[in-house]
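Everything below concerns the one structure shown next.
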Amino acid sequence: MVPVKDIFDKFYKRGSKLRELLLVHSEAVAAKALDIARLRRLDLDPDHIYAGAMLHDVGIFYVDAPGIYCNGSKPYIMHGILGAEMLRAHRQPEWLARIAERHTGSGLTAEDIRTQHLPLPEKDFLPETLLEKLICYADKFFSKTSLDTEKDIDRVRASMKKFGPGAMQRFEDLHALFTSDQQS
């Protein structure tokens, strides 16, 4: 069992606004991911779904995003790889680190990183396993700036469109994978 609470306690001060924001966001992602897994009868361990959803954004501790109480020095786009590094440094399972590393957007390709001049290693950070894809997908429905609202599919699509046709197609592929009715 992944020690989710211990990891939060190590990096996020109890009672801090950042910890509360991260917990609320992560719980929403976990609930959606668990619902999808149940409805779609996915052969995934619920404990892994919960841990992955709770820790996918653990790296925001190190980023500079004062609007969401993050007072680090790194660009926000780096939070996934920073989270993966944190999890690996604390001897957490590789599958968990990969979720953190690969959940940003609908995944990032080396070409995205190169053409957008992103401050990331020039390699693919695409969700590959069903668990990685599930957490990546569920995360798209929740913002850290509007914690009380789940985005509808049209808002998610509008936000994904900004990142280009490749990102949009990757999201549509995830949507098709995790929805039972292909009408939405």
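Within each chain, counting starts at residue 1; across the structure tokens, chains are named A, B, ... in the order shown, with ligands numbered 1 upward in that order.
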Within 12 Å of range 140-158 of chain A, which residues of range 47-73 of chain A show up? Give each one with its shortest atom-to-atom distance in Å (one decimal) and the two atoms involved, counting only C-alpha atoms, rows by chain then rising residue number, as CSV.
residue,atom,partner,partner_atom,distance
A:Ala53,CA,A:Phe142,CA,11.7
A:Asp57,CA,A:Lys144,CA,10.3
A:Ile60,CA,A:Lys144,CA,10.9
A:Ala65,CA,A:Lys144,CA,10.8
A:Pro66,CA,A:Thr145,CA,11.2
A:Gly67,CA,A:Thr145,CA,7.9
A:Ile68,CA,A:Thr145,CA,6.8
A:Tyr69,CA,A:Lys144,CA,10.3
A:Cys70,CA,A:Lys144,CA,11.2
Could you pull out the residues in range 13-169 of chain A that DSSP calls strand (DSSP E or B) from the backbone, as a VMD selection string? chain A and resid 63 to 65 70 to 71 74 105 107 to 108 125 142 150
Spatial neighbours of range 3-9 of chain A, 8 Å, only C-alpha atoms, chain gap at least 2 places, as an NGL selection string: :A and (1 or 11-14 or 19 or 51 or 54-55 or 58)
Output file for the residues above (N, CA, C and O atoms, as a compact mmCIF listing (two decimals), in the first residue's frame):
# COMPACT_ATOMS: atom_id res chain seq x y z
N MET A 1 0.84 -1.19 0.00
CA MET A 1 0.00 0.00 0.00
C MET A 1 0.89 1.25 0.00
O MET A 1 1.85 1.34 0.76
N PHE A 11 5.72 16.77 2.61
CA PHE A 11 5.91 17.93 1.75
C PHE A 11 4.89 19.05 1.92
O PHE A 11 5.17 20.19 1.53
N TYR A 12 3.75 18.75 2.48
CA TYR A 12 2.68 19.74 2.54
C TYR A 12 2.25 19.95 3.98
O TYR A 12 1.70 19.04 4.61
N LYS A 13 2.50 21.16 4.48
CA LYS A 13 2.22 21.49 5.87
C LYS A 13 0.73 21.37 6.17
O LYS A 13 -0.11 21.90 5.44
N ARG A 14 0.43 20.66 7.24
CA ARG A 14 -0.97 20.53 7.67
C ARG A 14 -1.56 21.92 7.90
O ARG A 14 -0.91 22.78 8.47
N ARG A 19 -1.82 22.62 0.77
CA ARG A 19 -2.19 21.23 1.07
C ARG A 19 -3.69 21.03 0.87
O ARG A 19 -4.11 20.04 0.27
N ALA A 51 -4.13 5.94 -5.06
CA ALA A 51 -2.79 6.47 -4.81
C ALA A 51 -2.31 7.30 -6.00
O ALA A 51 -1.75 8.40 -5.82
N MET A 54 -4.21 10.59 -6.07
CA MET A 54 -3.83 11.46 -4.95
C MET A 54 -2.44 12.06 -5.12
O MET A 54 -2.18 13.17 -4.66
N LEU A 55 -1.55 11.37 -5.80
CA LEU A 55 -0.16 11.83 -5.88
C LEU A 55 0.27 12.30 -7.27
O LEU A 55 1.42 12.67 -7.47
N VAL A 58 1.82 15.77 -6.94
CA VAL A 58 2.65 15.99 -5.75
C VAL A 58 3.79 16.97 -6.01
O VAL A 58 4.24 17.67 -5.11
If you run DSSP on the backbone here, which positions in range 1-81 of chain A get alpha helix (DSSP H)? Please write them as JSON, numbers by chain. {"A": [4, 5, 6, 7, 8, 9, 10, 11, 17, 18, 19, 20, 21, 22, 23, 24, 25, 26, 27, 28, 29, 30, 31, 32, 33, 34, 35, 36, 37, 38, 39, 46, 47, 48, 49, 50, 51, 52, 53, 54, 55, 79, 80, 81]}
Taking only C-alpha atoms into account, name the residue in A:Gly72, A:Leu82, A:Ser106, A:Asp43 that is nearest to Lys161 in chain A. A:Ser106
